[in-house]
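A short write-up of the structure that comes next.
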Amino acid sequence: MASTSQPLRGKRACKKIFWAVFPHACFILSLVIYAFLGAVMFSHIEGNRKVNLSEEYRNFLQDLWYISRNLTDNMTENEESFKKEIHALLNTAKRDWFVNPKDIWSFFGSLFFCCTVFTTVGYGNTYPVTRTGKYLCMLYALFGIPLMFLVLTDMGDILATVLSKSYNEFRKLQSKLLAFKLCSGSTCNRGDRVLSKVAANEPLNIVEMLKNQSAVKRKPVQYRNAEIFELLIARENEYKKPSRSKSIERWSSCPELDRGKTMSRVIENFDKIGKELEKLDVPIVLMVLVIFVYISCAAAILPNWETSLDFQEAFYFCFITLTTIGFGDTQLEHPKFFLFFSLYIIIGMEIVFIAFKLGQDRLISLYKKVISFCGEKKMPSKKVYPKKLYPK
């Protein structure tokens, strides 16, 4: 019997893990497929367009030739005016005149453009020229941006869970170290026997715990009581686990009920999206430090293939990208290599979003404190005179 139940438990565990990961994988896979479909679409529409040299382009070349000829003839005379004329003429030039559409709108170039669209970065280096491409770009952004925000929210829950657990574990470790320092040897030894007994899952009733409570009286109450009751709650949860396993066995005995239970759990996972992010409460300084380290790692790697960038310029470029500012003043020579950082961009945008949300919460709390402080100020009290009683 035990040999047959063991594979069933492993199968249930694998099934549970699969349906827990399914919503997250579904969102990311949808975004990847959407990006690839957009890359195929824009590379076909914008890459195969015909470049017609318009009359405007010919006039530009004639004006440029005329100004350059006058500049060579009269180099020393009116040099400043020539500079102004050349500068004004170059501002009228269009980028589309000097590039080959197939070079820009290759598959990787189009994929990079799609990433800048639904992430709302929008560098401005690559943009659709045809009317069809412009309309499709608006339609593509209309559906791509909500999908990207959904992925960011989902990834934010995972990051919020990791950050919260890491920060709470650090605080627990810090409180235990502080309690250990404040503890006196003889009194703590008897109190620690209570904790060790609870941790070892040995029987311990409330009378025994109260008898030994005198051993931990001298210790700070917020540390010792918290440790005891945390372990008691953990033991209580462990005792509840067999009943849960029996209920799972009852569900698994009927395939239809098991399937309905699985679907309800999947729907619950979809409904929980964004809940962990709302409950996140960590110091804003910690998030700033995480952002700095995160951007610094990418800034150290990026100059390996973008040789025109140093660490400072790469740091600036990554910050502008993750904050979705996207000036477009820094151009990448190998954008297809940067596509490997797509997951980096998504996670980094989520970290920045969490930091902005925490900053927003801190500002709201600050405004509340200021308003409450101003409201608590005593107003100048008015003298109240007794009413005169007039005889009837």
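By convention in this document, the chains of the structure tokens carry letters A, B, ... by their order, each chain's residues are numbered from 1, and ligands are numbered from 1 in the order they are shown.
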Excluding A:Asn91 and any residue of its chain fewer than 5 positions from it, enumerate the residues within 12 Å of it, using only C-alpha atoms, and give them as a list of chain:residue names.
A:Phe60, A:Leu64, A:Lys84, A:Glu85, A:Ile86
Please provide as a ChimeraX atom specification all residues within 10 Å of A:Ser296, with the sequence filter that same-chain residues fewer than 3 positions apart are discarded (counting only C-alpha atoms).
/A:290-293,299-302,311-312,314-316,318-319
Closest to A:Thr132 among A:Ile45, A:Leu177, A:Leu90, A:Val282, using only C-alpha atoms?
A:Ile45
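Taking atom CA of A:Leu139 and atom CA of A:Tyr344 as endpoints, the distance between them is 25.9 Å.
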Counting only C-alpha atoms, what is within 9 Å of A:Thr153, bar same-chain residues fewer than 6 positions away, as an mmCIF file with N, CA, C and O atoms, in the first residue's frame?
```cif
data_model
loop_
_atom_site.group_PDB
_atom_site.id
_atom_site.type_symbol
_atom_site.label_atom_id
_atom_site.label_comp_id
_atom_site.auth_asym_id
_atom_site.auth_seq_id
_atom_site.Cartn_x
_atom_site.Cartn_y
_atom_site.Cartn_z
ATOM 1 N N ILE A 273 -3.223 37.648 -8.612
ATOM 2 C CA ILE A 273 -2.203 38.460 -9.275
ATOM 3 C C ILE A 273 -2.243 39.884 -8.732
ATOM 4 O O ILE A 273 -3.292 40.531 -8.718
ATOM 5 N N GLY A 274 -1.124 40.377 -8.286
ATOM 6 C CA GLY A 274 -1.019 41.731 -7.763
ATOM 7 C C GLY A 274 -1.249 41.862 -6.277
ATOM 8 O O GLY A 274 -1.045 42.946 -5.715
ATOM 9 N N LEU A 277 2.145 42.162 -4.280
ATOM 10 C CA LEU A 277 2.785 43.461 -4.521
ATOM 11 C C LEU A 277 2.171 44.543 -3.658
ATOM 12 O O LEU A 277 2.857 45.468 -3.210
ATOM 13 N N GLU A 350 10.265 45.981 -13.394
ATOM 14 C CA GLU A 350 9.438 45.655 -12.238
ATOM 15 C C GLU A 350 10.081 46.137 -10.944
ATOM 16 O O GLU A 350 9.396 46.628 -10.041
#
```
One-decimal distance in Å that lies between atom CA of A:Thr130 and atom CA of A:Thr324
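Going from atom CA of A:Thr324 over to atom CA of A:Thr130, I get 25.3 Å.
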Could you tell me which of A:Met349, A:Ala88, A:Val32, A:Ile104 comes closest to A:Lys336 if we count only C-alpha atoms?
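Of all the options, A:Ile104 lies closest to A:Lys336.
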Point-to-point distance from atom CA of A:Leu322 to atom CA of A:Glu46, Å rounded to tenths
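Atom CA of A:Glu46 lies at a distance of 27.1 Å from atom CA of A:Leu322.
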Within 8 Å of A:Asp63, counting only C-alpha atoms, which residues show up once you throw out same-chain ones fewer than 4 positions away? Write them as a list in words, please.
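The residues satisfying every condition are Asn59, Ile67 and Leu89 of chain A.
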Shell around A:Ile345 at 12 Å using only C-alpha atoms, local window under 2 positions removed, as number ranges by chain:
A: 115-116, 119-121, 148, 151-152, 155, 294-295, 298, 317-324, 338-343, 347-353
Dump of C-alpha atoms for the selected residues, as a short mmCIF file (atom, residue, chain, number, x, y, z; two decimals), in the first residue's frame:
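Output file selection-v5.cif is given in full below:
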```
data_model
loop_
_atom_site.label_atom_id
_atom_site.label_comp_id
_atom_site.auth_asym_id
_atom_site.auth_seq_id
_atom_site.Cartn_x
_atom_site.Cartn_y
_atom_site.Cartn_z
CA CYS A 115 10.04 45.52 -27.45
CA THR A 116 10.41 49.29 -27.36
CA THR A 119 7.53 48.43 -22.91
CA THR A 120 6.74 52.11 -23.67
CA VAL A 121 10.47 52.91 -23.88
CA MET A 148 3.26 43.93 -20.75
CA VAL A 151 3.51 40.43 -17.05
CA LEU A 152 5.07 43.15 -14.90
CA MET A 155 6.58 39.23 -12.00
CA TYR A 294 21.04 45.67 -10.69
CA ILE A 295 21.87 48.48 -13.13
CA ALA A 298 24.25 45.37 -16.70
CA PHE A 317 21.44 53.96 -20.87
CA CYS A 318 20.17 51.16 -18.60
CA PHE A 319 18.58 53.65 -16.21
CA ILE A 320 16.84 55.49 -19.05
CA THR A 321 15.62 52.14 -20.39
CA LEU A 322 14.33 50.67 -17.12
CA THR A 323 12.52 53.87 -16.20
CA THR A 324 10.94 53.87 -19.72
CA PHE A 338 20.59 43.53 -26.31
CA LEU A 339 17.54 41.37 -27.01
CA PHE A 340 19.11 38.70 -24.84
CA PHE A 341 18.54 41.17 -22.03
CA SER A 342 14.76 41.12 -22.57
CA LEU A 343 14.22 39.23 -19.33
CA ILE A 347 12.67 42.26 -14.20
CA GLY A 348 14.43 45.62 -13.99
CA MET A 349 11.30 47.54 -14.96
CA GLU A 350 9.44 45.65 -12.24
CA ILE A 351 12.09 46.50 -9.63
CA VAL A 352 11.90 50.16 -10.59
CA PHE A 353 8.10 49.99 -10.50
#
```
Rank nothing, just name the residue among A:Phe82, A:Phe170, A:Tyr140, A:Trp19 nearest to A:Ile267, using only C-alpha atoms.
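Of A:Phe82, A:Phe170, A:Tyr140, A:Trp19, the one nearest A:Ile267 is A:Trp19, counting only C-alpha atoms.
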Using only C-alpha atoms, which of A:Leu173, A:Asn125, A:Phe98, A:Arg58 sits nearest A:Gln331?
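Distance minimum relative to A:Gln331 lands on A:Asn125.
Among the candidates A:Asp96, A:Asn48, A:Ser106, A:Phe27, the residue lying nearest to A:Pro146 is A:Phe27 (atoms considered: only C-alpha atoms).
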Considering only C-alpha atoms, return as a ChimeraX atom specification whatever protein or nucleic-acid residues lie within 9 Å of A:Ser308, sequence-local ones (same chain, fewer than 5 positions apart) excluded.
/A:303,332-333
